[in-house]
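Student: File structure_20.txt below, compact mmCIF, C-alpha atoms:
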# COMPACT_ATOMS: atom_id res chain seq x y z
CA MET A 1 -19.50 17.00 2.77
CA ALA A 2 -19.02 17.23 6.52
CA ASP A 3 -21.58 16.07 9.01
CA ILE A 4 -24.12 18.79 9.78
CA HIS A 5 -23.09 18.93 13.45
CA VAL A 6 -19.50 19.68 12.43
CA GLU A 7 -20.64 22.48 10.11
CA GLU A 8 -22.77 23.91 12.93
CA PHE A 9 -19.76 23.65 15.25
CA TYR A 10 -17.64 25.75 12.90
CA LYS A 11 -20.40 28.33 12.56
CA ASP A 12 -20.91 28.50 16.35
CA VAL A 13 -17.17 28.92 16.88
CA ALA A 14 -16.94 31.65 14.24
CA ILE A 15 -19.89 33.60 15.68
CA ALA A 16 -18.64 33.29 19.27
CA LEU A 17 -15.12 34.39 18.38
CA ALA A 18 -16.39 37.31 16.30
CA GLN A 19 -18.62 38.46 19.18
CA LEU A 20 -15.76 38.23 21.68
CA TYR A 21 -13.36 40.00 19.33
CA ALA A 22 -15.84 42.86 18.90
CA ALA A 23 -16.02 43.26 22.69
CA PHE A 24 -12.30 42.74 23.42
CA PRO A 25 -10.82 43.41 25.98
CA ARG A 26 -14.10 43.90 27.78
CA ARG A 27 -15.68 40.83 29.33
CA THR A 28 -19.13 40.03 27.99
CA ASN A 29 -21.85 37.46 28.42
CA LEU A 30 -21.97 35.00 25.55
CA PHE A 31 -25.54 33.71 25.09
CA VAL A 32 -26.19 30.44 23.29
CA GLU A 33 -29.41 31.81 21.77
CA ASP A 34 -27.47 34.69 20.16
CA ILE A 35 -25.30 32.10 18.43
CA ALA A 36 -27.53 29.09 17.71
CA GLY A 37 -30.93 30.77 17.65
CA PRO A 38 -33.92 30.56 19.96
CA ASP A 39 -34.59 27.39 21.90
CA GLU A 40 -37.54 26.26 23.96
CA PRO A 41 -36.70 23.72 26.66
CA ASP A 42 -39.00 20.72 26.67
CA GLU A 43 -41.50 19.87 29.41
CA PHE A 44 -38.61 18.58 31.56
CA GLY A 45 -36.56 21.76 31.12
CA LEU A 46 -34.08 20.13 28.77
CA HIS A 47 -32.68 22.05 25.85
CA SER A 48 -32.57 20.81 22.25
CA LYS A 49 -29.57 18.92 20.90
CA ARG A 50 -28.73 21.98 18.77
CA HIS A 51 -28.69 24.28 21.81
CA MET A 52 -26.56 21.84 23.79
CA ALA A 53 -24.14 21.38 20.89
CA CYS A 54 -23.59 25.14 20.77
CA PHE A 55 -23.13 25.30 24.54
CA GLY A 56 -20.66 22.42 24.24
CA ALA A 57 -18.75 24.29 21.53
CA LEU A 58 -18.40 27.29 23.85
CA LEU A 59 -17.11 25.09 26.66
CA TRP A 60 -14.72 23.41 24.22
CA LEU A 61 -13.30 26.81 23.20
CA GLN A 62 -12.44 27.40 26.86
CA GLU A 63 -10.93 23.93 27.24
CA GLU A 64 -8.75 24.58 24.20
CA GLY A 65 -7.51 27.89 25.59
CA LEU A 66 -9.29 30.24 23.18
CA LEU A 67 -11.57 31.95 25.70
CA ARG A 68 -11.98 32.41 29.43
CA TYR A 69 -15.13 32.95 31.46
CA VAL A 70 -16.07 33.41 35.10
CA ASP A 71 -19.04 31.05 35.26
CA THR A 72 -21.86 29.54 33.26
CA ILE A 73 -25.37 30.92 33.47
CA ARG A 74 -27.16 27.58 33.65
CA GLN A 75 -26.80 26.17 30.14
CA GLU A 76 -27.81 29.50 28.64
CA ALA A 77 -24.58 31.49 28.51
CA LEU A 78 -21.00 32.01 29.57
CA ASP A 79 -20.71 34.79 32.13
CA GLN A 80 -17.98 37.41 31.60
CA ALA A 81 -16.29 35.69 28.67
CA VAL A 82 -13.20 37.13 26.98
CA LEU A 83 -10.74 35.95 24.36
CA THR A 84 -7.44 34.60 25.57
CA ARG A 85 -4.22 36.22 24.43
CA GLU A 86 -3.62 33.34 22.02
CA ALA A 87 -7.02 33.75 20.34
CA PHE A 88 -6.77 37.54 20.15
CA VAL A 89 -3.30 37.41 18.61
CA ARG A 90 -4.35 34.78 16.09
CA LEU A 91 -7.53 36.61 15.05
CA SER A 92 -5.55 39.86 14.68
CA ALA A 93 -2.80 38.22 12.63
CA PRO A 94 -2.63 38.57 8.86
CA ALA A 95 -3.96 35.59 6.93
CA PRO A 96 -2.29 34.42 3.73
CA GLN A 97 -3.48 36.46 0.75
CA ALA A 98 -4.14 33.24 -1.16
CA LEU A 99 -6.61 32.19 1.56
CA ALA A 100 -8.32 35.58 1.53
CA ARG A 101 -8.71 35.35 -2.24
CA LYS A 102 -10.05 31.79 -2.06
CA LEU A 103 -12.67 32.90 0.47
CA ASN A 104 -13.49 35.98 -1.64
CA ALA A 105 -12.84 38.11 1.45
CA LEU A 106 -11.03 40.89 -0.40
CA PRO A 107 -13.06 43.68 -1.99
CA PRO A 108 -12.53 44.63 -5.64
CA GLY A 109 -9.80 47.23 -5.94
CA GLU A 110 -8.28 46.17 -2.63
CA ALA A 111 -4.81 47.25 -3.78
CA SER A 112 -5.97 50.87 -4.08
CA LEU A 113 -7.18 51.04 -0.47
CA PRO A 114 -5.09 52.75 2.23
CA ALA A 115 -2.48 50.51 3.86
CA SER A 116 -4.29 50.52 7.22
CA VAL A 117 -7.51 49.29 5.57
CA GLN A 118 -5.61 46.64 3.61
CA GLN A 119 -4.05 45.47 6.86
CA ASP A 120 -7.47 45.18 8.55
CA LEU A 121 -8.86 43.26 5.57
CA SER A 122 -6.03 40.75 5.72
CA THR A 123 -6.68 39.49 9.26
CA TYR A 124 -8.22 36.19 10.29
CA ILE A 125 -11.07 38.01 12.06
CA HIS A 126 -11.94 39.68 8.75
CA LEU A 127 -11.96 36.26 7.04
CA LEU A 128 -14.30 34.89 9.72
CA ARG A 129 -16.64 37.88 9.46
CA ALA A 130 -16.66 37.73 5.65
CA ALA A 131 -17.39 33.99 5.72
CA LEU A 132 -20.23 34.51 8.21
CA LYS A 133 -21.65 37.32 6.09
CA ASN A 134 -21.51 35.09 3.02
CA GLY A 135 -23.24 32.28 4.91
CA SER A 136 -21.47 29.45 3.09
CA SER A 137 -20.78 26.52 5.42
CA THR A 138 -17.73 25.64 3.34
CA ARG A 139 -16.25 29.14 3.69
CA ILE A 140 -17.00 29.30 7.40
CA SER A 141 -15.40 25.89 7.96
CA LEU A 142 -12.31 26.78 5.96
CA ALA A 143 -11.92 30.14 7.72
CA VAL A 144 -12.15 28.58 11.20
CA GLN A 145 -9.85 25.69 10.26
CA ALA A 146 -7.27 28.05 8.77
CA ALA A 147 -7.40 30.39 11.76
CA PHE A 148 -7.07 27.79 14.49
CA PHE A 149 -6.70 24.19 13.39
CA THR A 150 -4.27 24.06 10.47
CA ASP A 151 -1.19 25.73 9.18
CA PHE A 152 -2.70 27.02 5.98
CA SER A 153 -0.29 27.36 3.10
CA ALA A 154 -0.58 28.37 -0.52
CA ARG A 155 -0.13 24.77 -1.66
CA GLU A 156 -3.38 23.83 0.12
CA LEU A 157 -5.27 26.06 -2.28
CA HIS A 158 -4.72 23.77 -5.25
As structure tokens, how would this structure be written, given the file I've shared?

Tutor:
Amino acid sequence: MADIHVEEFYKDVAIALAQLYAAFPRRTNLFVEDIAGPDEPDEFGLHSKRHMACFGALLWLQEEGLLRYVDTIRQEALDQAVLTREAFVRLSAPAPQALARKLNALPPGEASLPASVQQDLSTYIHLLRAALKNGSSTRISLAVQAAFFTDFSARELH
């Protein structure tokens, strides 16, 4: 089992990317509290480790070329964030069917759905959304890793 901070990282990344994809190509503010939950700064105005880890994940996404933003709003949000071309193309790309099946992201009777719906259900963004909806840390981690960090292949399923 992964360290809890790594599982939270994958969840934060998945939520942030899903929010930006839903707003694309419009720029939007990306608030840490919308991703990691509410946070009350301490008596010195410092945020919790959880809040700062989420904020760090957002900054890391920018450093890795997956999103752009104009500025930070203190340590609360990214101002006018948008997916990069690379992230948008990857999230819109079809994922391997074997991965979609492993993540249980395909509905029953998927083959009888119209081709346009089947195409939408086969994308990496659909896998991320389905994993988030399911809530399983393992599924979220695998979906994020497959979308951005590994070249997922059918042999990795076994």

Student: Using all atoms listed in the file, which residues sit within 8 Å of A:Val144 once same-chain residues fewer than 3 positions away are excluded, as a PyMOL selection string?

Tutor: chain A and resi 10+13-14+128+140-141+147-149

Student: Using C-alpha atoms, can you write the selected residues to a file as a PDB file, in the coordinates of the input?

Tutor:
ATOM      1  CA  TYR A  10     -17.640  25.750  12.900  1.00  0.00           C
ATOM      2  CA  VAL A  13     -17.170  28.920  16.880  1.00  0.00           C
ATOM      3  CA  ALA A  14     -16.940  31.650  14.240  1.00  0.00           C
ATOM      4  CA  LEU A 128     -14.300  34.890   9.720  1.00  0.00           C
ATOM      5  CA  ILE A 140     -17.000  29.300   7.400  1.00  0.00           C
ATOM      6  CA  SER A 141     -15.400  25.890   7.960  1.00  0.00           C
ATOM      7  CA  ALA A 147      -7.400  30.390  11.760  1.00  0.00           C
ATOM      8  CA  PHE A 148      -7.070  27.790  14.490  1.00  0.00           C
ATOM      9  CA  PHE A 149      -6.700  24.190  13.390  1.00  0.00           C
TER      10      PHE A 149
END

Student: From the list A:Val82, A:Ile125, A:Arg139, A:Arg74, which residue is nearest A:Arg101 when using only C-alpha atoms?

Tutor: A:Arg139

Student: Find the smallest box with edges along x, y and z containing every listed atom of stretch 70-83 of chain A, then add 3 Å on each side and report centre and edge lengths in Å to one decimal, as AutoDock Vina command-line options.

Tutor:
--center_x -19.3 --center_y 31.8 --center_z 29.8 --size_x 23.1 --size_y 17.2 --size_z 16.9

Student: Counting only C-alpha atoms, which residues come within 12 Å of (-23.9, 20.8, 21.7), with the point read in the file's coordinates, and could you list them as a PyMOL selection string?

Tutor: chain A and resi 5-6+8-10+12-13+32+35-36+47-60+75-76

Student: Just give me the gap between atom CA of A:Ala143 and atom CA of A:Ala100 in Å, one decimal is fine.

Tutor: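 These two atoms are separated by 9.0 Å.
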
Student: Could you state the separation of atom CA of A:Arg27 and atom CA of A:Pro96 in Å, given to one decimal place?

Tutor: 29.6 Å

Student: So how many Å separate atom CA of A:Asp3 and atom CA of A:Leu61, to one decimal?

Tutor: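 Between atom CA of A:Asp3 and atom CA of A:Leu61 the gap is 19.6 Å.
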
Student: Can you tell me, as a ChimeraX atom specification, what residues are no more than 8 Å from A:Ser92 when counting only C-alpha atoms, ignoring any on the same chain fewer than 4 positions away?

Tutor: /A:88,123-125

Student: Taking only C-alpha atoms into account, which of A:Ala146, A:Ala18, A:Leu99, A:Leu127 comes nearest A:Leu83?

Tutor: A:Ala18

Student: With distances taken over only C-alpha atoms, which of A:Asp34, A:Leu103, A:Val89, A:Thr150 is nearest to A:Gly135?

Tutor: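 Smallest separation from A:Gly135 among the options: A:Leu103.
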
Student: Kindly indicate which residue among A:Thr28, A:Glu40, A:Leu142, A:Ala81 lies nearest to A:Tyr69, using only C-alpha atoms for the distances.

Tutor: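 Selected residue with least distance to A:Tyr69: A:Ala81.
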
Student: My list of candidates is A:Gln145, A:Gln19, A:Arg68, A:Leu91. Which is closest to A:His126 when distances are computed with all atoms listed in the file?

Tutor: A:Leu91
